[in-house]
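Source file: query-v8.cif (mmCIF, C-alpha atoms)
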```cif
data_my_file
loop_
_atom_site.label_atom_id
_atom_site.label_comp_id
_atom_site.auth_asym_id
_atom_site.auth_seq_id
_atom_site.Cartn_x
_atom_site.Cartn_y
_atom_site.Cartn_z
CA MET A 1 20.97 -5.79 -17.26
CA TYR A 2 22.71 -7.02 -14.11
CA ASN A 3 19.85 -5.98 -11.91
CA LEU A 4 17.51 -8.04 -14.10
CA ILE A 5 19.71 -11.10 -13.56
CA GLY A 6 19.73 -10.30 -9.86
CA ALA A 7 15.94 -10.02 -9.86
CA GLY A 8 15.75 -13.42 -11.54
CA LEU A 9 18.03 -14.93 -8.90
CA ILE A 10 15.93 -13.41 -6.13
CA VAL A 11 12.78 -14.85 -7.64
CA ILE A 12 14.41 -18.29 -7.98
CA GLY A 13 15.49 -18.19 -4.35
CA ALA A 14 12.14 -16.97 -3.12
CA GLY A 15 10.40 -19.58 -5.25
CA ILE A 16 12.45 -22.41 -3.74
CA GLY A 17 11.75 -21.05 -0.27
CA LEU A 18 8.03 -20.67 -0.84
CA GLY A 19 7.88 -24.14 -2.37
CA GLN A 20 9.57 -25.59 0.69
CA ILE A 21 7.26 -23.76 3.08
CA GLY A 22 4.11 -24.66 1.14
CA GLY A 23 5.15 -28.25 0.54
CA LYS A 24 6.09 -28.94 4.13
CA ALA A 25 2.92 -27.28 5.37
CA MET A 26 0.88 -29.49 3.03
CA GLU A 27 2.68 -32.54 4.37
CA GLY A 28 2.05 -31.43 7.92
CA ILE A 29 -1.64 -30.84 7.23
CA ALA A 30 -1.95 -34.23 5.54
CA ARG A 31 -0.38 -35.93 8.53
CA GLN A 32 -2.34 -34.01 11.10
CA PRO A 33 -5.47 -32.41 9.65
CA GLU A 34 -6.63 -31.22 13.08
CA ALA A 35 -3.60 -28.89 13.31
CA THR A 36 -4.49 -27.19 10.00
CA SER A 37 -5.18 -23.73 11.40
CA LYS A 38 -1.98 -23.63 13.45
CA ILE A 39 0.13 -24.83 10.53
CA GLN A 40 -1.50 -22.32 8.23
CA THR A 41 -0.78 -19.43 10.58
CA ALA A 42 2.86 -20.42 10.98
CA MET A 43 3.13 -20.97 7.22
CA ILE A 44 1.77 -17.52 6.43
CA ILE A 45 4.12 -15.86 8.93
CA ILE A 46 7.18 -17.59 7.51
CA ALA A 47 6.05 -16.92 3.95
CA ALA A 48 5.59 -13.27 4.88
CA LEU A 49 9.09 -13.08 6.36
CA LEU A 50 10.52 -14.64 3.21
CA GLU A 51 8.53 -12.32 1.05
CA GLY A 52 9.79 -9.34 3.03
CA LEU A 53 13.35 -10.48 2.42
CA ALA A 54 12.78 -11.01 -1.30
CA PHE A 55 11.01 -7.69 -1.71
CA GLY A 56 13.73 -5.96 0.26
CA ALA A 57 16.33 -7.39 -2.12
CA LEU A 58 14.31 -6.44 -5.20
CA PHE A 59 13.79 -2.98 -3.78
CA LEU A 60 17.51 -2.49 -3.12
CA GLY A 61 18.38 -3.78 -6.58
CA LYS A 62 16.02 -1.42 -8.40
CA MET B 1 -26.38 -21.75 -1.36
CA ASN B 2 -28.54 -19.19 -3.10
CA GLY B 3 -27.05 -16.40 -0.99
CA ALA B 4 -23.52 -17.55 -1.81
CA SER B 5 -24.12 -17.62 -5.54
CA LYS B 6 -25.83 -14.23 -5.31
CA SER B 7 -22.88 -12.66 -3.53
CA PHE B 8 -20.51 -14.32 -6.00
CA LYS B 9 -22.46 -12.73 -8.86
CA LEU B 10 -22.23 -9.38 -7.10
CA VAL B 11 -18.46 -9.73 -6.70
CA VAL B 12 -18.10 -10.62 -10.38
CA LEU B 13 -20.22 -7.64 -11.37
CA ILE B 14 -18.18 -5.26 -9.22
CA MET B 15 -14.93 -6.65 -10.62
CA ILE B 16 -16.10 -6.18 -14.21
CA LEU B 17 -17.14 -2.63 -13.39
CA PHE B 18 -13.75 -1.88 -11.82
CA ALA B 19 -11.83 -3.42 -14.67
CA SER B 20 -13.83 -1.62 -17.33
CA PHE B 21 -13.55 1.68 -15.47
CA GLN B 22 -9.81 1.38 -15.20
CA GLY B 23 -9.74 0.39 -18.83
CA LEU B 24 -11.70 3.52 -19.71
CA ALA B 25 -9.34 5.63 -17.65
CA LYS B 26 -6.48 4.30 -19.72
CA SER B 27 -7.97 3.91 -23.16
CA GLU B 28 -8.60 7.63 -23.55
CA ASN B 29 -5.06 8.44 -22.61
CA ASP B 30 -3.54 6.66 -25.57
CA GLU B 31 -5.16 8.60 -28.40
CA ASN B 32 -1.99 10.52 -29.09
CA LYS B 33 -0.36 8.61 -31.91
CA GLU B 34 2.96 10.47 -32.11
CA VAL B 35 4.35 8.96 -28.92
CA ASP B 36 5.39 5.37 -28.46
CA THR B 37 2.52 3.48 -26.79
CA LYS B 38 4.81 1.42 -24.60
CA ASP B 39 6.63 4.47 -23.26
CA GLU B 40 3.36 6.20 -22.62
CA VAL B 41 1.96 3.18 -20.77
CA THR B 42 5.08 2.96 -18.61
CA GLU B 43 4.91 6.65 -17.83
CA TYR B 44 1.21 6.43 -17.02
CA ILE B 45 1.74 3.52 -14.63
CA LEU B 46 4.68 5.17 -12.88
CA HIS B 47 2.63 8.35 -12.58
CA HIS B 48 -0.22 6.40 -11.02
CA ILE B 49 2.07 4.76 -8.47
CA LYS B 50 3.15 8.16 -7.20
CA ASP B 51 1.07 10.56 -5.17
CA ALA B 52 -0.74 13.35 -7.02
CA HIS B 53 -2.37 16.69 -6.29
CA ASP B 54 -5.65 15.86 -8.01
CA PHE B 55 -7.91 12.98 -8.92
CA HIS B 56 -7.50 12.26 -12.58
CA LEU B 57 -10.15 9.91 -13.91
CA PHE B 58 -9.54 10.10 -17.66
CA SER B 59 -8.58 12.40 -20.51
CA TYR B 60 -9.84 12.58 -24.05
CA THR B 61 -9.38 14.67 -27.16
CA SER B 62 -12.56 16.54 -28.04
CA GLY B 63 -13.88 17.07 -31.60
CA GLU B 64 -11.96 20.34 -31.88
CA GLY B 65 -8.71 18.52 -31.11
CA GLU B 66 -8.47 19.89 -27.59
CA ARG B 67 -7.23 17.69 -24.73
CA LYS B 68 -9.84 17.45 -21.98
CA HIS B 69 -9.15 16.01 -18.54
CA VAL B 70 -11.85 14.64 -16.28
CA GLY B 71 -11.26 14.46 -12.56
CA PHE B 72 -11.58 16.64 -9.53
CA PRO B 73 -9.08 18.97 -7.90
CA LEU B 74 -7.74 18.93 -4.34
CA PRO B 75 -6.54 21.86 -2.25
CA ILE B 76 -2.87 22.79 -2.34
CA ILE B 77 -1.48 24.11 0.92
CA LEU B 78 2.05 25.51 0.85
CA TRP B 79 4.23 26.99 3.56
CA THR B 80 6.35 29.56 1.76
CA SER B 81 8.54 32.51 2.64
CA ASN B 82 5.42 34.70 2.42
CA GLY B 83 3.48 32.51 4.81
CA LEU B 84 0.68 30.07 4.19
CA THR B 85 -0.51 29.91 0.58
CA THR B 86 -3.55 27.94 -0.50
CA PHE B 87 -5.25 27.39 -3.83
CA MET B 88 -6.96 24.59 -5.72
CA SER B 89 -4.89 22.26 -7.89
CA SER B 90 -7.26 22.96 -10.80
CA GLU B 91 -5.33 26.20 -11.33
CA PHE B 92 -2.52 24.12 -12.79
CA HIS B 93 -4.96 22.81 -15.46
CA HIS B 94 -3.56 19.26 -15.11
CA ASN B 95 -0.19 20.47 -16.32
CA ASP B 96 2.63 18.46 -14.82
CA ASP B 97 5.75 19.71 -16.59
CA GLY B 98 6.03 23.22 -15.21
CA HIS B 99 4.48 25.16 -18.12
CA VAL B 100 1.55 26.55 -16.17
CA ILE B 101 2.61 29.18 -13.65
CA VAL B 102 0.25 30.03 -10.81
CA GLU B 103 0.81 33.38 -9.12
CA LYS B 104 -0.35 33.54 -5.51
CA ASN B 105 0.63 35.65 -2.54
CA GLY B 106 3.30 37.44 -4.55
CA LEU B 107 5.04 34.17 -5.48
CA LYS B 108 4.98 32.06 -8.61
CA PHE B 109 4.47 28.28 -8.50
CA ALA B 110 4.82 25.52 -11.03
CA LYS B 111 4.05 21.79 -10.81
CA ILE B 112 6.72 19.44 -12.16
CA HIS B 113 6.23 15.66 -11.82
CA SER B 114 3.65 16.04 -9.02
CA LYS B 115 5.94 18.30 -6.99
CA ILE B 116 5.25 21.98 -6.42
CA TYR B 117 8.16 24.32 -7.18
CA GLU B 118 8.52 27.97 -6.25
CA LEU B 119 10.07 30.15 -8.93
CA GLU B 120 12.86 32.53 -8.03
CA SER B 121 11.93 36.19 -7.97
CA GLY B 122 12.01 37.77 -11.43
CA ALA B 123 11.60 34.48 -13.27
CA SER B 124 8.49 34.18 -15.39
CA GLU B 125 8.85 30.57 -16.52
CA VAL B 126 10.74 27.47 -15.44
CA SER B 127 13.99 26.72 -17.25
CA PHE B 128 15.44 23.21 -17.27
CA ASP B 129 18.97 21.86 -17.55
CA ASP B 130 19.92 18.79 -19.58
CA GLY B 131 18.79 16.35 -16.90
CA HIS B 132 15.33 17.95 -16.83
CA HIS B 133 15.95 19.53 -13.44
CA ALA B 134 14.56 22.97 -12.84
CA THR B 135 17.36 25.53 -12.56
CA ASN B 136 15.49 28.60 -11.35
CA ALA B 137 12.91 27.00 -9.07
CA SER B 138 13.06 25.18 -5.75
CA LYS B 139 10.73 22.85 -3.89
CA VAL B 140 8.53 24.33 -1.20
CA LEU B 141 7.21 22.83 2.02
CA ASP B 142 4.11 21.11 0.67
CA LEU B 143 1.33 20.41 3.18
CA SER B 144 -1.30 19.82 0.51
CA ILE B 145 -4.26 17.50 0.79
CA THR B 146 -2.92 15.18 -1.89
CA LYS B 147 -4.64 12.04 -3.16
CA SER B 148 -3.03 9.94 -0.43
CA VAL B 149 -3.79 12.42 2.33
CA PHE B 150 -7.36 12.54 1.09
CA GLY B 151 -7.48 8.73 1.18
CA VAL B 152 -6.14 8.61 4.73
CA LEU B 153 -8.64 11.23 5.90
CA LEU B 154 -11.49 9.47 4.10
CA VAL B 155 -10.68 6.10 5.65
CA GLY B 156 -10.26 7.73 9.05
CA LEU B 157 -13.71 9.27 8.75
CA LEU B 158 -15.28 6.03 7.46
CA MET B 159 -13.76 4.03 10.29
CA PHE B 160 -14.83 6.58 12.87
CA LEU B 161 -18.43 6.52 11.63
CA ALA B 162 -18.63 2.74 11.19
CA PHE B 163 -17.03 1.77 14.49
CA SER B 164 -18.66 4.43 16.63
CA SER B 165 -22.05 3.32 15.34
CA LEU B 166 -21.06 -0.30 16.05
CA ALA B 167 -20.08 0.64 19.59
CA ARG B 168 -23.35 2.52 20.10
CA GLN B 169 -25.33 -0.51 18.95
CA TYR B 170 -23.76 -2.66 21.65
CA LYS B 171 -25.07 -0.25 24.26
CA LYS B 172 -28.66 -0.84 23.18
CA LYS B 173 -28.61 -4.56 22.51
CA GLN B 174 -26.19 -7.43 22.15
CA ILE B 175 -26.44 -7.97 18.40
CA PRO B 176 -25.38 -5.25 15.97
CA THR B 177 -27.57 -4.45 12.98
CA GLY B 178 -26.84 -3.43 9.41
CA PHE B 179 -23.22 -2.90 8.48
CA GLY B 180 -22.16 -3.70 12.04
CA ARG B 181 -22.88 -7.35 11.27
CA VAL B 182 -20.11 -7.27 8.69
CA LEU B 183 -17.67 -5.66 11.09
CA GLU B 184 -18.34 -7.75 14.18
CA PRO B 185 -16.91 -11.07 12.90
CA LEU B 186 -13.82 -9.25 11.62
CA VAL B 187 -13.27 -7.53 14.96
CA ILE B 188 -13.67 -10.86 16.75
CA TYR B 189 -11.36 -12.50 14.23
CA VAL B 190 -8.59 -9.96 14.84
CA ARG B 191 -9.06 -10.25 18.59
CA ASP B 192 -9.27 -14.04 18.85
CA GLU B 193 -7.03 -15.18 16.01
CA ILE B 194 -4.38 -12.45 15.93
CA ALA B 195 -4.16 -10.59 19.24
CA ARG B 196 -4.96 -13.31 21.77
CA PRO B 197 -2.67 -16.15 20.60
CA ASN B 198 0.29 -13.91 19.78
CA ILE B 199 0.30 -11.50 22.70
CA GLY B 200 -1.02 -13.77 25.41
CA GLU B 201 -4.15 -14.01 27.48
CA LYS B 202 -3.09 -11.48 30.11
CA LYS B 203 -2.04 -8.51 28.04
CA TYR B 204 -3.79 -8.75 24.70
CA ARG B 205 -6.55 -6.28 25.66
CA ARG B 206 -4.17 -3.35 25.84
CA PHE B 207 -3.01 -3.82 22.25
CA THR B 208 -6.20 -5.00 20.55
CA GLY B 209 -7.24 -1.41 19.86
CA TYR B 210 -4.08 -0.65 17.93
CA LEU B 211 -4.19 -3.95 16.04
CA LEU B 212 -7.83 -3.43 15.04
CA THR B 213 -7.12 0.12 13.89
CA VAL B 214 -4.14 -0.87 11.83
CA PHE B 215 -5.92 -3.89 10.34
CA PHE B 216 -8.99 -2.00 9.16
CA PHE B 217 -6.96 1.02 8.08
CA ILE B 218 -4.72 -1.04 5.80
CA TRP B 219 -7.50 -3.27 4.57
CA ILE B 220 -9.89 -0.46 3.59
CA LEU B 221 -7.06 1.51 1.96
CA ASN B 222 -5.97 -1.56 0.00
CA LEU B 223 -9.53 -2.06 -1.22
CA LEU B 224 -9.82 1.64 -2.10
CA GLY B 225 -6.70 1.16 -4.19
CA LEU B 226 -8.65 -1.26 -6.38
CA THR B 227 -11.36 1.27 -7.23
CA PRO B 228 -10.96 3.36 -10.39
CA LEU B 229 -10.31 6.48 -8.31
CA GLY B 230 -6.60 5.70 -8.47
CA PHE B 231 -5.72 5.63 -4.78
CA ASN B 232 -2.35 4.12 -4.04
CA VAL B 233 -2.06 5.03 -0.36
CA THR B 234 -0.63 1.83 1.08
CA GLY B 235 1.79 1.83 -1.87
CA GLN B 236 3.41 5.03 -0.58
CA LEU B 237 6.59 4.50 1.40
CA ALA B 238 5.73 7.38 3.72
CA VAL B 239 2.43 5.79 4.77
CA THR B 240 3.81 2.30 5.34
CA ALA B 241 6.84 3.76 7.13
CA ALA B 242 4.56 5.67 9.50
CA LEU B 243 2.58 2.50 10.24
CA ALA B 244 5.77 0.51 10.84
CA ILE B 245 7.07 3.23 13.16
CA PHE B 246 3.85 3.03 15.20
CA THR B 247 4.45 -0.69 15.69
CA LEU B 248 8.13 -0.06 16.48
CA VAL B 249 7.30 2.55 19.12
CA ILE B 250 4.62 0.35 20.69
CA TYR B 251 6.77 -2.74 21.08
CA THR B 252 9.84 -0.78 22.10
CA VAL B 253 7.99 1.20 24.77
CA SER B 254 6.02 -1.75 26.14
CA GLY B 255 8.97 -4.16 26.12
CA ASN B 256 9.56 -5.60 29.59
CA LYS B 257 12.77 -6.38 31.45
CA ASP B 258 13.10 -9.87 29.98
CA TYR B 259 12.79 -8.52 26.43
CA TRP B 260 15.62 -6.01 26.88
CA MET B 261 17.65 -8.59 28.73
CA HIS B 262 17.37 -10.92 25.75
CA ILE B 263 18.40 -8.17 23.39
CA LEU B 264 21.27 -6.58 25.30
CA TRP B 265 22.70 -9.40 27.41
CA MET B 266 21.44 -12.74 26.14
CA PRO B 267 21.34 -15.27 28.98
CA GLY B 268 22.70 -18.76 28.46
CA VAL B 269 25.30 -17.74 25.89
CA PRO B 270 29.10 -17.57 26.37
CA ILE B 271 30.04 -14.13 27.66
CA LEU B 272 32.24 -13.24 24.68
CA ILE B 273 29.43 -13.78 22.21
CA ARG B 274 26.96 -11.63 24.15
CA PRO B 275 28.10 -8.21 22.79
CA VAL B 276 28.03 -9.56 19.22
CA LEU B 277 24.54 -10.91 19.75
CA ALA B 278 23.48 -7.61 21.29
CA VAL B 279 24.45 -5.73 18.13
CA ILE B 280 22.56 -8.18 15.93
CA GLU B 281 19.52 -8.23 18.19
CA LEU B 282 19.44 -4.44 18.44
CA ALA B 283 19.63 -4.08 14.66
CA GLY B 284 16.89 -6.69 14.35
CA ALA B 285 14.58 -5.05 16.85
CA LEU B 286 15.06 -1.43 15.83
CA LEU B 287 15.75 -1.65 12.08
CA ILE B 288 15.02 -4.97 10.42
CA LYS B 289 11.60 -5.65 11.94
CA PRO B 290 10.04 -2.28 11.03
CA PHE B 291 11.87 -2.25 7.68
CA SER B 292 10.47 -5.63 6.72
CA LEU B 293 6.97 -4.46 7.75
CA LEU B 294 7.13 -1.30 5.67
CA VAL B 295 8.79 -2.78 2.59
CA ARG B 296 6.44 -5.76 2.46
CA LEU B 297 3.28 -3.67 2.42
CA PHE B 298 4.70 -1.05 0.05
CA ALA B 299 6.14 -3.57 -2.41
CA ASN B 300 3.09 -5.83 -2.46
CA ILE B 301 0.61 -3.08 -3.09
CA SER B 302 2.79 -1.23 -5.61
CA ALA B 303 3.57 -4.46 -7.46
CA GLY B 304 -0.13 -5.33 -7.49
CA HIS B 305 -1.05 -1.98 -8.98
CA ILE B 306 1.68 -2.22 -11.59
CA VAL B 307 0.54 -5.73 -12.61
CA VAL B 308 -3.13 -4.75 -12.86
CA MET B 309 -2.36 -1.68 -14.94
CA SER B 310 0.13 -3.53 -17.15
CA LEU B 311 -2.48 -6.17 -17.90
CA ILE B 312 -5.03 -3.50 -18.73
CA ALA B 313 -2.41 -1.89 -20.98
CA ILE B 314 -2.28 -5.12 -23.04
CA MET B 315 -5.25 -3.60 -24.87
CA PHE B 316 -2.94 -1.02 -26.40
CA THR B 317 0.43 -2.71 -26.50
CA LEU B 318 -0.83 -5.84 -28.29
CA LYS B 319 -3.44 -4.05 -30.38
CA GLU B 320 -1.56 -4.58 -33.66
CA SER B 321 -0.73 -8.26 -33.25
CA LEU B 322 -4.01 -9.45 -31.71
CA THR B 323 -6.53 -7.02 -33.27
CA VAL B 324 -8.47 -4.64 -31.03
CA GLY B 325 -11.09 -7.21 -30.03
CA GLY B 326 -8.58 -9.95 -29.20
CA ALA B 327 -6.33 -7.67 -27.17
CA THR B 328 -9.31 -6.28 -25.26
CA ALA B 329 -10.67 -9.75 -24.50
CA LEU B 330 -7.26 -11.00 -23.33
CA SER B 331 -6.65 -7.91 -21.21
CA LEU B 332 -10.13 -8.06 -19.65
CA LEU B 333 -9.75 -11.74 -18.82
CA LEU B 334 -6.30 -11.37 -17.27
CA SER B 335 -7.05 -8.16 -15.40
CA PHE B 336 -10.29 -9.64 -14.10
CA PHE B 337 -8.49 -12.57 -12.51
CA ILE B 338 -5.60 -10.52 -11.24
CA THR B 339 -8.07 -8.05 -9.70
CA LEU B 340 -9.74 -10.95 -7.90
CA ILE B 341 -6.33 -12.00 -6.60
CA GLU B 342 -5.67 -8.40 -5.57
CA VAL B 343 -8.83 -8.45 -3.45
CA LEU B 344 -7.33 -11.44 -1.65
CA VAL B 345 -3.93 -9.72 -1.38
CA ALA B 346 -5.61 -6.61 0.07
CA PHE B 347 -6.91 -8.71 2.95
CA LEU B 348 -3.77 -10.84 3.25
CA GLN B 349 -1.43 -7.86 3.55
CA ALA B 350 -3.61 -6.23 6.20
CA TYR B 351 -3.68 -9.58 8.02
CA ILE B 352 0.07 -10.09 7.79
CA PHE B 353 0.89 -6.57 8.94
CA THR B 354 -1.42 -6.97 11.92
CA MET B 355 -0.20 -10.49 12.61
CA LEU B 356 3.47 -9.53 12.58
CA SER B 357 2.77 -6.44 14.70
CA ALA B 358 1.02 -8.69 17.21
CA LEU B 359 3.92 -11.14 17.08
CA PHE B 360 6.50 -8.42 17.71
CA ILE B 361 4.45 -6.95 20.55
CA GLY B 362 3.98 -10.45 21.93
CA MET B 363 7.75 -11.03 21.91
CA ALA B 364 8.26 -7.77 23.79
CA VAL B 365 5.72 -8.36 26.55
CA GLU B 366 6.17 -12.12 26.95
CA GLU B 367 6.88 -13.21 30.50
CA HIS B 368 9.56 -15.80 31.17
CA ASP B 369 9.13 -17.89 34.30
CA HIS B 370 12.53 -19.61 34.24
CA HIS B 371 16.20 -18.50 33.88
#
```
In structure tokens, write the structure found in this file.
Amino acid sequence: MYNLIGAGLIVIGAGIGLGQIGGKAMEGIARQPEATSKIQTAMIIIAALLEGLAFGALFLGK
Amino acid sequence: MNGASKSFKLVVLIMILFASFQGLAKSENDENKEVDTKDEVTEYILHHIKDAHDFHLFSYTSGEGERKHVGFPLPIILWTSNGLTTFMSSEFHHNDDGHVIVEKNGLKFAKIHSKIYELESGASEVSFDDGHHATNASKVLDLSITKSVFGVLLVGLLMFLAFSSLARQYKKKQIPTGFGRVLEPLVIYVRDEIARPNIGEKKYRRFTGYLLTVFFFIWILNLLGLTPLGFNVTGQLAVTAALAIFTLVIYTVSGNKDYWMHILWMPGVPILIRPVLAVIELAGALLIKPFSLLVRLFANISAGHIVVMSLIAIMFTLKESLTVGGATALSLLLSFFITLIEVLVAFLQAYIFTMLSALFIGMAVEEHDHH
């Protein structure tokens, strides 16, 4: 039961984080379309780091 | 335009084939009405996530009421007290709860939950305690060619053949032919988009070989995991841990003076904080970086497999409320789209693993002009 609540919290946190990353990257691309590839690379790296953290937490909570 | 739509049709066709194959593999397993369907589905999925000693495609109950299993066996190689013992996994007759005893080399073996147990001398069958642990049998050193080992060997062979033929083609002329044309842009992509910007112009050549190997290895294994053969190699902790340790060893060994300086005695920071930072940086470099690499790959691929199989299982779990046709249509639709997403994830995870490896290596070999 508690680990389900924990999993929900992790997903909420990761969702906020991913939303921030994606949203800011979109803004950046809209402002400077010529930097798209660089922004995308950085976005994917940060998203991957966040995902690693979230998965690590889910994995520990299992 | 025509080519694009053609290849799109091909992709759709392949996806439908995969989905229906996996559906077939499951549908025949749920004939047994006495057990709860949901429990059986859960057990089936968890069984699939783990490694196994044989390829199990599907099972069915024949007209005479006999359970038949379709698949092919793999060799079992054990290192026991009586030396090396080998036999085919078909001798267990797909039994996985220790009821079939195989006698080889003067020892008796049983398979319980995909693990091989050696029975104590004198025992003729496995006895269990309340927690379903075997009381008179112990695990043996298992060097078998399991499903995952087979997958690793297969991908190794495929990569060796594909890339050695690609390399040979460059000797004859500048442009590769056939399948090499598929590989060349990917190789250039890894070199120019992953290795070069992250490691730096001077040193990227030394590490491109490793990055290419790891990229194609993970990518092909991820794609194999989407075939109905039931591979889940990159979803095994042991495999992803080994890959992460390769990256760890490479960036630790090739780290230059500046890198270690920044870890152990961070310049530009008050002297009292330096030991604290050193502990954090050491933990980050030796534990957290490889751990994040291995958990990310493992969790993504395992989660993907669980989602695909759960969506296929909708066919059985929602059969009563949606009728057979409705549940099948819903499950096919959902699993089709999720399988498409999984194809993307297969590439993305290989890309991210390679990218982060390149980033970590780049951090370790980066040259600082100032300080």
TODO: Might you pull out every residue within 10 Å of Gly151 in chain B, with only C-alpha atoms counted and same-chain residues fewer than 2 positions away left off, and present them as a PyMOL selection string?
DONE: chain B and resi 145-149+153-157+220-221+224-225+231-234
Open item on the list: Which residues, named as in the file, does the PyMOL selection byres ((chain A) within 9 of (chain B)) pick out? Answer as a list of chain:residue names.
Closed with: A:Ile44, A:Ile45, A:Ala48, A:Leu49, A:Glu51, A:Gly52, A:Leu53, A:Phe55, A:Gly56, A:Phe59
- [ ] Write out as number ranges by chain the residues lying within 7 Å of Leu229 in chain B, counting all atoms listed in the file and excluding same-chain residues fewer than 2 positions away.
- [x] B: 55, 57, 227, 231
Edge lengths and centre in Å to one decimal, as AutoDock Vina command-line options, of the axis-aligned box that encloses all listed atoms of range 42-61 of chain A with 8 Å added on every side?
```
--center_x 10.1 --center_y -11.7 --center_z 2.2 --size_x 32.6 --size_y 34.5 --size_z 33.6
```
Open item on the list: Just the number, please: distance in Å from CA of Phe316 in chain B to CA of Tyr60 in chain B, one decimal.
Closed with: 15.4 Å
Open item on the list: On this structure, the PyMOL selection byres ((chain A and resi 17) around 12) would catch which residues? List them as a ChimeraX atom specification, sorted by chain and number.
Closed with: /A:10-16,18-24,43,46-51,53-54
TODO: Might you pull out every residue within 7 Å of Leu166 in chain B, with only C-alpha atoms counted and same-chain residues fewer than 4 positions away left off, and present them as a PyMOL selection string?
DONE: chain B and resi 162+170+176+180
Task: Residue nearest His53 in chain B - candidates B:Glu120, B:Asp130, B:Asp142, B:Glu367, atoms counted: all atoms listed in the file - done: B:Asp142
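Distance check against Ala134 in chain B using all atoms listed in the file: of B:Arg67, B:Arg191, B:Lys111, B:His56, the minimum falls on B:Lys111.
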Open item on the list: Rounded to one decimal, what separation in Å do you get between CA of Ala123 in chain B and CA of Thr80 in chain B?
Closed with: 16.7 Å
Task: Selection result for the PyMOL selection byres ((chain B and resi 249) around 12) on this file, as a ChimeraX atom specification - done: /B:210,242-248,250-255,285-287,289-290,357,360-361,364
Task: Separation of CA of Tyr44 in chain B from CA of Lys68 in chain B, in Å and rounded to one decimal - done: 16.4 Å
Open item on the list: Quick one: residues within 10 Å of Ile77 in chain B, all atoms listed in the file, excluding same-chain residues fewer than 3 positions away - as a VMD selection string?
Closed with: chain B and resid 74 80 84 to 89 141 to 146
Would you put the residues from that selection into a file with C-alpha atoms, as a compact mmCIF listing (two decimals), keeping the file's coordinate frame?
```txt
# COMPACT_ATOMS: atom_id res chain seq x y z
CA LEU B 74 -7.74 18.93 -4.34
CA THR B 80 6.35 29.56 1.76
CA LEU B 84 0.68 30.07 4.19
CA THR B 85 -0.51 29.91 0.58
CA THR B 86 -3.55 27.94 -0.50
CA PHE B 87 -5.25 27.39 -3.83
CA MET B 88 -6.96 24.59 -5.72
CA SER B 89 -4.89 22.26 -7.89
CA LEU B 141 7.21 22.83 2.02
CA ASP B 142 4.11 21.11 0.67
CA LEU B 143 1.33 20.41 3.18
CA SER B 144 -1.30 19.82 0.51
CA ILE B 145 -4.26 17.50 0.79
CA THR B 146 -2.92 15.18 -1.89
```
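Nearest residue to Lys38 in chain A, choosing from A:Leu9, A:Met1, A:Ala25, A:Leu60 and counting only C-alpha atoms: A:Ala25.
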Name the residues in contact with Ile338 in chain B at a cut-off of 10 Å, using all atoms listed in the file, excluding same-chain residues fewer than 6 positions from it; report them as a PDB file with C-alpha atoms, in the coordinates of the input.
```pdb
ATOM      1  CA  GLY B 304      -0.130  -5.330  -7.490  1.00  0.00           C
ATOM      2  CA  HIS B 305      -1.050  -1.980  -8.980  1.00  0.00           C
ATOM      3  CA  VAL B 307       0.540  -5.730 -12.610  1.00  0.00           C
ATOM      4  CA  VAL B 308      -3.130  -4.750 -12.860  1.00  0.00           C
ATOM      5  CA  LEU B 311      -2.480  -6.170 -17.900  1.00  0.00           C
ATOM      6  CA  LEU B 332     -10.130  -8.060 -19.650  1.00  0.00           C
ATOM      7  CA  LEU B 344      -7.330 -11.440  -1.650  1.00  0.00           C
TER       8      LEU B 344
END
```
